[in-house]
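Visitor: Would you mind keeping the following structure in view while I ask a few things?
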Amino acid sequence: MTAQDTAPSTTELKTPTSADLAQVFTTERPPRPSAWAASTTFGWRALLKIKHVPEQLFDVTLFPIMMTLMFTYLFGGALAGSPTDYLQFFLPGILVVSIVMITMYTGLAVNTDIEKGVFDRFRTLPIWRPAPMVGYLLGDGFRYLIASVVIVTMGLILGYRPAGGVTGVLAGVAVLLLFCFALSWIWTMFGLLLRSEKSVMGVSMMLIMPLSFLSSAYVDPSTMPNWLEAFVNVNPITFAVDSVRALMNGDWPGTDLLWLAILGAGLIAVFGAATMRLYNRK
Amino acid sequence: MSDAAIEVRGLVKRFGGTAAVDGIDLTVPAGTVYGVLGPNGAGKTTTVKMLATLLRPDDGEARVFGRDVVREADAVRGLVAMTGQYASVDEDLTGQENLVLLGRLLGYSKKAAAARSELFLETLGLTAAARRQVKNYSGGMRRRLDIAASLLSVPQLLFLDEPTTGLDPRSRNQVWEIIRAIVDQGTTVLLTTQYLDEADQLASRIAVIDEGKVIAEGTKGELKASIGLGSVHVRLRDADRREQAAAILAETLAADIQRDADPVALTARVREQADAGGGPVSEMAAHQTGVALGELARAGIVVDAFSMGQPSLDEVFLALTDRPATTEEDAA
Ligand SMILES: Nc1ncnc2c1ncn2[C@@H]1O[C@H](COP(=O)(O)OP(=O)(O)OP(=O)(O)O)[C@@H](O)[C@H]1O
Ligand SMILES: [Mg+2]
């Protein structure tokens with residue numbers, strides 16, 4: 001922090017003259033950035049924010065550790081005889097559920113960030129319009145990746161042994177991240193739609209809680225009453241859990257993955273479009 | 001058409017039932033500073049946001065260098081930059097990161113964006129603060145960075161929304177210097193302000209807006225002719241002598257006298273004289289004021305305090321509308 005001590009106060013700052021400005025006012029401009037370049041630049045902004053405010057990483061480290069420990073020991077004995085046995089089934093499930101829960105923070109970030117003056121600047125730039133939003137999701141992808149690493153490592157320490165090996169785990173995490181990218185457009189929409197952080201949190205919780213518990217993450221749906229099993233089997237989270245679980249077990253998820261892909265595309269189409277409508281109107 | 005940077009006809013923006021901007025017409029010549037003067041809640045920010053493609057007008061039309069701000073928003077965005085009333089830079093990032101981010105969004109390569117940001121930080125005297133988070137900047141430094149961010153693209157039209165509100169007099173002067181240097185490069189500047197002297201210092205044409213409407217528009221000279229050169233405030237020792245003092249001031253200054261609520265205070269609104277120059281308070285008026293004070297002394301009237309200056313925004317509004325400026329607080 002030496003710069004802080006030696007920085008001059010405002011009154012000593014040099015004020016540019018016309019001649020100074022004439023030197024930097026080069027009018028030749030580079031071509032506009034591509035949609036991808038603009039989006040990754042916003043992703044870089046998200047990473048810079050993590051660098052400057054590293055506390056935001058608590059949600060992606062402590063929360064998943066807590067979830068994994070809590071449920072493994074809470075349900076493990078009762079459901080599978082021992083926590084280690086349960087973990088073989090449960091770890092992919094808690095991986096999906098934890099990260100799906102973390103996606104909610106996207107809505108919060110959008111909601112607080114969008115009110116700041118810097119967004120007015122972004123919106124006066126001649127760039128691909130969804131770039132700031134896609135940038136958020138790319139930055140969040142990094143956070144999800146950290147959370148995934150934390151959970152899988154925790155699992156390995158507690159005795160989880162994935163049959164799919166390294167490839168299976170990587171494939172599972174990749175599918176999960178893509179699904180979360182699609183899912184997050186729901187939260188960006190709510191982040192733009194709702195007035196306060198609290199309401200964004202409230203609505204997200206109301207959607208996420210039932211969906212994540214009434215899924216195949218914690219228990220095998222075939223052990224549930226018929227009416228519940230019917231619901232669980234069409235729950236999007238179930239498709240995600242089953243796909244990730246299959247990949248990590250070294251199996252091919254087949255139709256589950258196909259449905260997940262269709263679902264993801266649908267989420268992007270519907271909620272991505274809704275997000276951009278709101279964004280352009282703000 | 002081609003020499004107007006901004007052309008606005010009947011622009012309207014409503015929030016809920018009330019019109020924040022209620023049928024504004026403006027023509028801003030290219031290459032000049034245009035001042036939009038108005039009190040809190042007049043609709044300045046709303047107008048600027050519509051011109052900068054951030055808000056969609058409810059009615060009317062606005063063109064920036066001939067491009068429609070709604071139908072050709074993207075083309076307009078390529079020509080303008082805006083330094084908003086509330087810091088339009090990212091507080092969590094450093095000054096340098098802010099500029100590199102924008103440079104990349106303008107299409108510069110990583111290397112070119114870094115070089116360009118250094119150059120602009122250097123030009124605006126921010127090199128020493130480049131690697132500090134903006135939230136630790138002083139108000140003056142923040143403004144500079146905000147302006148640097150707007151200049152990075154070398155815009156043809158720059159919106160500055162109350163660029164000096166909240167700055168100390170010294171930083172304020174520095175921002176004025178910077179604005180003058182910018183216009184020298186051929187950039188058109190639309191500046192909003194609550195201060196008449198700021199508009200007077202920088203702008204060649206001024207629009208006065210109130211409650212979403214333009215209530216006066218013209219060159220500085222034209223406006224001054226209608227609102228007067230400035231005011232002389234006098235505080236007397238003895239309230240009984242006020243009428244006598246009023247008569248002396250009216251005669252020597254050829255001014256309209258306003259009897260303030262305070263029984264010992266008087267305000268003389270000096271009218272523009274045909275031969276007076278365009279300075280903040282013309283020499284003529286300054287000289288006449290000296291003469292008037294002499295006359296008061298000769299009549300044995302004791303003056304406790306005296307000041308002279310440009311008409312305040314309140315006085316401008318008094319002159320233009322025969323009522324003080326309505327602020328949001330009053331309206332609420
Ligand atoms: N997003 C909004 N929703 C509702 N009302 C708004 C909104 N933005 C502005 N207004 C209202 O519109 C009117 C004009 O506001 P505006 O911000 O344009 O004024 P201003 O001239 O910039 O004032 P100031 O000097 O305080 O910045 C105000 O009465 C304000 O309350
Ligand atoms: Mg304003």
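In the structure tokens, chains take letters A, B, ... by order of appearance, with residues numbered from 1 within each chain and ligands from 1 in the order shown.
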Taking only C-alpha atoms into account, what are the residues of chain B at most 8 Å from chain A, put as number ranges by chain?
Guide: B: 52-56, 74-75, 77-78, 80-84, 86-90, 92-93, 101, 104-108, 119-120, 123-126, 128-129, 131-132, 138, 140-141, 153-154, 170-171, 174, 177-178, 180-182, 184-185
Visitor: Dump the neighbourhood of ligand 1 as a count of residues only: all residues within 9 Å, distances computed on only C-alpha atoms and all ligand atoms.
Guide: 36
Visitor: Rank nothing, just name the residue among A:Val60, A:Leu257, A:Ala246, A:Ala230 nearest to Thr103 of chain A, using only C-alpha atoms.
Guide: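 Using only C-alpha atoms, the shortest distance to Thr103 of chain A belongs to A:Val60.
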Visitor: With only C-alpha atoms as the counted atoms, please give the residues lying no more than 12 Å from Pro225 of chain A, apart from itself and same-chain residues fewer than 6 positions off, as a list in words.
Guide: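 Contacts, with the query itself left out: Leu214, Phe231 and Val232 of chain A.
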Visitor: Next, write the just-selected residues to a file, as an mmCIF file, in the first residue's frame, keeping C-alpha atoms as the atom set.
Guide:
data_model
loop_
_atom_site.group_PDB
_atom_site.id
_atom_site.type_symbol
_atom_site.label_atom_id
_atom_site.label_comp_id
_atom_site.auth_asym_id
_atom_site.auth_seq_id
_atom_site.Cartn_x
_atom_site.Cartn_y
_atom_site.Cartn_z
ATOM 1 C CA LEU A 214 -37.665 -33.155 -4.252
ATOM 2 C CA PHE A 231 -42.895 -35.228 -9.635
ATOM 3 C CA VAL A 232 -39.279 -36.007 -8.877
#
Visitor: Please identify all polymer residues within 9 Å of Val219 of chain A, counting only C-alpha atoms, omitting same-chain residues fewer than 3 positions from it, and present them as a list in words.
Guide: Leu79, Phe89, Phe90, Ser215, Ser216, Ser222, Thr223 and Met224 of chain A
Visitor: Write out, as a compact mmCIF listing (two decimals), in the first residue's frame, the residues just selected, with all heavy atoms.
Guide:
# COMPACT_ATOMS: atom_id res chain seq x y z
N LEU A 79 -29.77 -44.10 5.69
CA LEU A 79 -30.18 -44.41 4.32
C LEU A 79 -29.36 -45.51 3.67
O LEU A 79 -29.84 -46.21 2.80
CB LEU A 79 -30.10 -43.15 3.44
CG LEU A 79 -31.07 -42.04 3.83
CD1 LEU A 79 -30.92 -40.86 2.91
CD2 LEU A 79 -32.50 -42.56 3.79
N PHE A 89 -23.31 -42.78 -3.48
CA PHE A 89 -24.52 -42.38 -4.19
C PHE A 89 -24.73 -40.87 -4.12
O PHE A 89 -25.10 -40.22 -5.09
CB PHE A 89 -25.71 -43.09 -3.52
CG PHE A 89 -27.05 -42.56 -3.93
CD1 PHE A 89 -27.64 -42.95 -5.13
CD2 PHE A 89 -27.72 -41.64 -3.12
CE1 PHE A 89 -28.88 -42.45 -5.50
CE2 PHE A 89 -28.96 -41.13 -3.51
CZ PHE A 89 -29.54 -41.54 -4.70
N PHE A 90 -24.44 -40.35 -2.93
CA PHE A 90 -24.87 -38.99 -2.60
C PHE A 90 -23.95 -37.89 -3.13
O PHE A 90 -24.41 -36.79 -3.45
CB PHE A 90 -24.97 -38.92 -1.07
CG PHE A 90 -25.25 -37.56 -0.51
CD1 PHE A 90 -26.43 -36.90 -0.85
CD2 PHE A 90 -24.36 -36.92 0.34
CE1 PHE A 90 -26.70 -35.65 -0.33
CE2 PHE A 90 -24.63 -35.67 0.86
CZ PHE A 90 -25.81 -35.04 0.53
N SER A 215 -35.77 -34.04 -5.45
CA SER A 215 -35.05 -34.51 -6.62
C SER A 215 -34.39 -35.84 -6.26
O SER A 215 -34.55 -36.35 -5.16
CB SER A 215 -33.97 -33.50 -7.00
OG SER A 215 -32.93 -33.56 -6.05
N SER A 216 -33.62 -36.36 -7.18
CA SER A 216 -32.95 -37.64 -6.92
C SER A 216 -31.61 -37.44 -6.21
O SER A 216 -30.82 -38.37 -6.12
CB SER A 216 -32.74 -38.37 -8.24
OG SER A 216 -31.91 -37.58 -9.08
N SER A 222 -37.15 -44.27 -6.58
CA SER A 222 -37.98 -45.48 -6.57
C SER A 222 -38.42 -45.85 -5.15
O SER A 222 -39.32 -46.66 -4.98
CB SER A 222 -37.23 -46.64 -7.22
OG SER A 222 -36.04 -46.90 -6.50
N THR A 223 -37.80 -45.25 -4.13
CA THR A 223 -38.22 -45.53 -2.76
C THR A 223 -39.34 -44.59 -2.32
O THR A 223 -39.82 -44.67 -1.19
CB THR A 223 -37.06 -45.33 -1.78
OG1 THR A 223 -36.68 -43.94 -1.81
CG2 THR A 223 -35.86 -46.18 -2.13
N MET A 224 -39.76 -43.67 -3.21
CA MET A 224 -40.73 -42.65 -2.80
C MET A 224 -42.14 -43.11 -3.15
O MET A 224 -42.33 -43.96 -4.00
CB MET A 224 -40.45 -41.34 -3.54
CG MET A 224 -39.10 -40.75 -3.24
SD MET A 224 -38.79 -39.33 -4.31
CE MET A 224 -37.10 -38.99 -3.86
Visitor: Quick one: of B:Leu157, B:Val36, B:Leu51, B:Ala149, who's nearest to Leu99 of chain B, counting only C-alpha atoms?
Guide: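 Ranking B:Leu157, B:Val36, B:Leu51, B:Ala149 by distance to Leu99 of chain B, first place goes to B:Ala149.
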Visitor: When you count only C-alpha atoms, which of these residues is closest to Tyr137 of chain B: B:Leu167, B:Thr94, B:Ile206, B:Arg259?
Guide: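 Among B:Leu167, B:Thr94, B:Ile206, B:Arg259, it is B:Thr94 that comes nearest to Tyr137 of chain B.
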Visitor: At what distance in Å, to one decimal, does atom CA of Ala80 of chain A lie from atom CA of Leu207 of chain A?
Guide: 28.4 Å
Visitor: Using only C-alpha atoms, which residues sit within 8 Å of Val12 of chain B once same-chain residues fewer than 5 positions away are excluded, as a VMD selection string?
Guide: chain B and resid 19 to 24 57 to 60
Visitor: Deliver the residues from the most recent selection as a file, using all heavy atoms, as a PDB file, in the first residue's frame.
Guide:
ATOM      1  N   ALA B  19     -44.694  13.778 -15.639  1.00  0.00           N
ATOM      2  CA  ALA B  19     -43.703  13.940 -16.694  1.00  0.00           C
ATOM      3  C   ALA B  19     -42.432  14.538 -16.105  1.00  0.00           C
ATOM      4  O   ALA B  19     -42.445  15.671 -15.618  1.00  0.00           O
ATOM      5  CB  ALA B  19     -44.256  14.829 -17.792  1.00  0.00           C
ATOM      6  N   ALA B  20     -41.333  13.778 -16.129  1.00  0.00           N
ATOM      7  CA  ALA B  20     -40.043  14.291 -15.653  1.00  0.00           C
ATOM      8  C   ALA B  20     -39.469  15.222 -16.709  1.00  0.00           C
ATOM      9  O   ALA B  20     -38.806  16.212 -16.400  1.00  0.00           O
ATOM     10  CB  ALA B  20     -39.086  13.148 -15.366  1.00  0.00           C
ATOM     11  N   VAL B  21     -39.706  14.882 -17.973  1.00  0.00           N
ATOM     12  CA  VAL B  21     -39.318  15.738 -19.087  1.00  0.00           C
ATOM     13  C   VAL B  21     -40.589  15.951 -19.893  1.00  0.00           C
ATOM     14  O   VAL B  21     -41.254  14.999 -20.277  1.00  0.00           O
ATOM     15  CB  VAL B  21     -38.218  15.072 -19.933  1.00  0.00           C
ATOM     16  CG1 VAL B  21     -37.983  15.859 -21.208  1.00  0.00           C
ATOM     17  CG2 VAL B  21     -36.926  14.970 -19.131  1.00  0.00           C
ATOM     18  N   ASP B  22     -40.929  17.198 -20.115  1.00  0.00           N
ATOM     19  CA  ASP B  22     -42.275  17.510 -20.570  1.00  0.00           C
ATOM     20  C   ASP B  22     -42.253  18.358 -21.847  1.00  0.00           C
ATOM     21  O   ASP B  22     -42.639  19.510 -21.846  1.00  0.00           O
ATOM     22  CB  ASP B  22     -42.991  18.252 -19.418  1.00  0.00           C
ATOM     23  CG  ASP B  22     -44.492  18.319 -19.637  1.00  0.00           C
ATOM     24  OD1 ASP B  22     -44.970  17.710 -20.599  1.00  0.00           O
ATOM     25  OD2 ASP B  22     -45.164  18.992 -18.839  1.00  0.00           O
ATOM     26  N   GLY B  23     -41.712  17.791 -22.911  1.00  0.00           N
ATOM     27  CA  GLY B  23     -41.726  18.504 -24.179  1.00  0.00           C
ATOM     28  C   GLY B  23     -40.548  19.445 -24.343  1.00  0.00           C
ATOM     29  O   GLY B  23     -40.725  20.659 -24.450  1.00  0.00           O
ATOM     30  N   ILE B  24     -39.341  18.866 -24.356  1.00  0.00           N
ATOM     31  CA  ILE B  24     -38.149  19.711 -24.468  1.00  0.00           C
ATOM     32  C   ILE B  24     -37.675  19.801 -25.921  1.00  0.00           C
ATOM     33  O   ILE B  24     -37.657  18.811 -26.641  1.00  0.00           O
ATOM     34  CB  ILE B  24     -37.038  19.169 -23.537  1.00  0.00           C
ATOM     35  CG1 ILE B  24     -37.285  19.677 -22.114  1.00  0.00           C
ATOM     36  CG2 ILE B  24     -35.650  19.563 -24.013  1.00  0.00           C
ATOM     37  CD1 ILE B  24     -36.214  19.347 -21.125  1.00  0.00           C
ATOM     38  N   PRO B  57     -37.446   7.580 -24.818  1.00  0.00           N
ATOM     39  CA  PRO B  57     -38.410   8.673 -24.684  1.00  0.00           C
ATOM     40  C   PRO B  57     -39.836   8.146 -24.854  1.00  0.00           C
ATOM     41  O   PRO B  57     -40.056   7.186 -25.583  1.00  0.00           O
ATOM     42  CB  PRO B  57     -38.067   9.602 -25.857  1.00  0.00           C
ATOM     43  CG  PRO B  57     -36.749   9.159 -26.375  1.00  0.00           C
ATOM     44  CD  PRO B  57     -36.567   7.736 -25.974  1.00  0.00           C
ATOM     45  N   ASP B  58     -40.797   8.768 -24.164  1.00  0.00           N
ATOM     46  CA  ASP B  58     -42.194   8.397 -24.350  1.00  0.00           C
ATOM     47  C   ASP B  58     -42.783   9.113 -25.556  1.00  0.00           C
ATOM     48  O   ASP B  58     -43.758   8.667 -26.137  1.00  0.00           O
ATOM     49  CB  ASP B  58     -43.007   8.749 -23.093  1.00  0.00           C
ATOM     50  CG  ASP B  58     -42.649   7.838 -21.933  1.00  0.00           C
ATOM     51  OD1 ASP B  58     -42.410   6.645 -22.184  1.00  0.00           O
ATOM     52  OD2 ASP B  58     -42.588   8.315 -20.792  1.00  0.00           O
ATOM     53  N   ASP B  59     -42.199  10.232 -25.894  1.00  0.00           N
ATOM     54  CA  ASP B  59     -42.724  10.986 -27.021  1.00  0.00           C
ATOM     55  C   ASP B  59     -41.621  11.909 -27.538  1.00  0.00           C
ATOM     56  O   ASP B  59     -40.638  12.161 -26.850  1.00  0.00           O
ATOM     57  CB  ASP B  59     -43.942  11.811 -26.579  1.00  0.00           C
ATOM     58  CG  ASP B  59     -44.849  12.122 -27.768  1.00  0.00           C
ATOM     59  OD1 ASP B  59     -44.468  11.798 -28.919  1.00  0.00           O
ATOM     60  OD2 ASP B  59     -45.929  12.688 -27.538  1.00  0.00           O
ATOM     61  N   GLY B  60     -41.820  12.425 -28.742  1.00  0.00           N
ATOM     62  CA  GLY B  60     -40.857  13.344 -29.310  1.00  0.00           C
ATOM     63  C   GLY B  60     -39.718  12.594 -29.976  1.00  0.00           C
ATOM     64  O   GLY B  60     -39.713  11.361 -30.015  1.00  0.00           O
TER      65      GLY B  60
END
Visitor: Could you pull out the strand (DSSP E) residues of segment 67-201 of chain B from DSSP and send them as a list of chain:residue names?
Guide: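 Answer for segment 67-201 of chain B, restricted to strand (DSSP E): B:Arg67, B:Asp68, B:Val80, B:Ala81, B:Met82, B:Thr83, B:Leu157, B:Leu158, B:Phe159, B:Leu160, B:Asp161, B:Thr188, B:Val189, B:Leu190, B:Leu191, B:Thr192, B:Thr193.
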Visitor: How would the residues just chosen look if you wrote them out with N, CA, C and O atoms as a tab-separated table (two decimals), in the first residue's frame?
Guide:
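Resulting contents of selection-v2.tsv:
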chain	number	residue	atom	x	y	z
B	67	ARG	N	-28.45	10.97	-36.11
B	67	ARG	CA	-28.90	9.60	-35.86
B	67	ARG	C	-29.96	9.61	-34.77
B	67	ARG	O	-29.77	10.23	-33.73
B	68	ASP	N	-31.03	8.88	-35.03
B	68	ASP	CA	-32.12	8.82	-34.07
B	68	ASP	C	-31.72	7.99	-32.85
B	68	ASP	O	-31.21	6.88	-32.98
B	80	VAL	N	-21.04	8.78	-28.77
B	80	VAL	CA	-21.15	9.53	-27.51
B	80	VAL	C	-20.44	8.82	-26.36
B	80	VAL	O	-20.11	7.64	-26.44
B	81	ALA	N	-20.22	9.57	-25.30
B	81	ALA	CA	-19.76	8.99	-24.04
B	81	ALA	C	-20.42	9.81	-22.94
B	81	ALA	O	-20.76	10.97	-23.15
B	82	MET	N	-20.63	9.18	-21.79
B	82	MET	CA	-21.32	9.89	-20.73
B	82	MET	C	-20.60	9.73	-19.39
B	82	MET	O	-20.21	8.64	-19.02
B	83	THR	N	-20.41	10.84	-18.71
B	83	THR	CA	-19.95	10.81	-17.33
B	83	THR	C	-21.16	11.19	-16.50
B	83	THR	O	-21.60	12.33	-16.52
B	157	LEU	N	-19.34	13.43	-29.03
B	157	LEU	CA	-20.23	14.16	-28.14
B	157	LEU	C	-20.06	13.59	-26.74
B	157	LEU	O	-20.12	12.38	-26.55
B	158	LEU	N	-19.83	14.48	-25.79
B	158	LEU	CA	-19.61	14.05	-24.41
B	158	LEU	C	-20.70	14.64	-23.52
B	158	LEU	O	-20.94	15.84	-23.55
B	159	PHE	N	-21.37	13.77	-22.77
B	159	PHE	CA	-22.36	14.25	-21.80
B	159	PHE	C	-21.70	14.32	-20.43
B	159	PHE	O	-21.12	13.34	-19.97
B	160	LEU	N	-21.78	15.46	-19.80
B	160	LEU	CA	-21.26	15.60	-18.43
B	160	LEU	C	-22.43	16.02	-17.55
B	160	LEU	O	-22.91	17.15	-17.64
B	161	ASP	N	-22.89	15.10	-16.72
B	161	ASP	CA	-24.04	15.39	-15.88
B	161	ASP	C	-23.56	15.88	-14.52
B	161	ASP	O	-23.04	15.12	-13.72
B	188	THR	N	-17.94	17.95	-28.92
B	188	THR	CA	-19.07	18.72	-28.43
B	188	THR	C	-19.38	18.25	-27.01
B	188	THR	O	-19.34	17.05	-26.73
B	189	VAL	N	-19.66	19.19	-26.12
B	189	VAL	CA	-19.94	18.82	-24.73
B	189	VAL	C	-21.32	19.32	-24.35
B	189	VAL	O	-21.66	20.48	-24.56
B	190	LEU	N	-22.15	18.42	-23.82
B	190	LEU	CA	-23.40	18.84	-23.22
B	190	LEU	C	-23.24	18.70	-21.71
B	190	LEU	O	-22.98	17.62	-21.21
B	191	LEU	N	-23.37	19.82	-21.04
B	191	LEU	CA	-23.05	19.89	-19.62
B	191	LEU	C	-24.31	20.26	-18.86
B	191	LEU	O	-25.00	21.19	-19.23
B	192	THR	N	-24.63	19.52	-17.81
B	192	THR	CA	-25.73	19.97	-16.97
B	192	THR	C	-25.16	20.51	-15.68
B	192	THR	O	-24.11	20.08	-15.23
B	193	THR	N	-25.83	21.47	-15.12
B	193	THR	CA	-25.32	22.08	-13.90
B	193	THR	C	-26.43	22.78	-13.15
B	193	THR	O	-27.48	23.11	-13.71
Visitor: Which residues in segment 100-253 of chain A does DSSP call helix (DSSP H, G or I)? List them as a PyMOL selection string.
Guide: chain A and resi 100-102+104-113+117-123+131-158+165-193+197-213+221-223+226-234+236-248
Visitor: Contacts of segment 235-251 of chain B at 8 Å or less, counting only C-alpha atoms, minus same-chain residues fewer than 2 places along, as a list in words?
Guide: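 Returned residues: His233, Leu253, Ala254, Ala255, Asp256, Ile257, Pro263, Val264, Ala265, Leu266, Ala268, Ala292, Glu295, Leu296, Ile301, Val302, Val303, Asp304, Ala305 and Phe306 of chain B.
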Visitor: Give the answer as one residue: which of B:Thr252, B:Asn98, B:Gln258, B:Gln288 has the shortest atom-to-atom distance to Arg142 of chain B, using only C-alpha atoms?
Guide: B:Asn98
Visitor: Please indicate the distance in Å from atom CA of Ala147 of chain A to atom CA of Ser199 of chain A, rounded to one decimal place.
Guide: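 Distance reported for this atom pair: 25.1 Å.
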Visitor: Can you tell me how far atom CA of Ala216 of chain B sits from atom CA of Glu61 of chain B, in Å to one decimal?
Guide: 20.1 Å
Visitor: Can you pull out every residue within 12 Å of Leu194 of chain A, counting only C-alpha atoms, but drop anything in the same chain fewer than 6 positions away, and send it as a ChimeraX atom specification?
Guide: /A:107-108,110-112,114-115,187-188,200-204,275,278,282
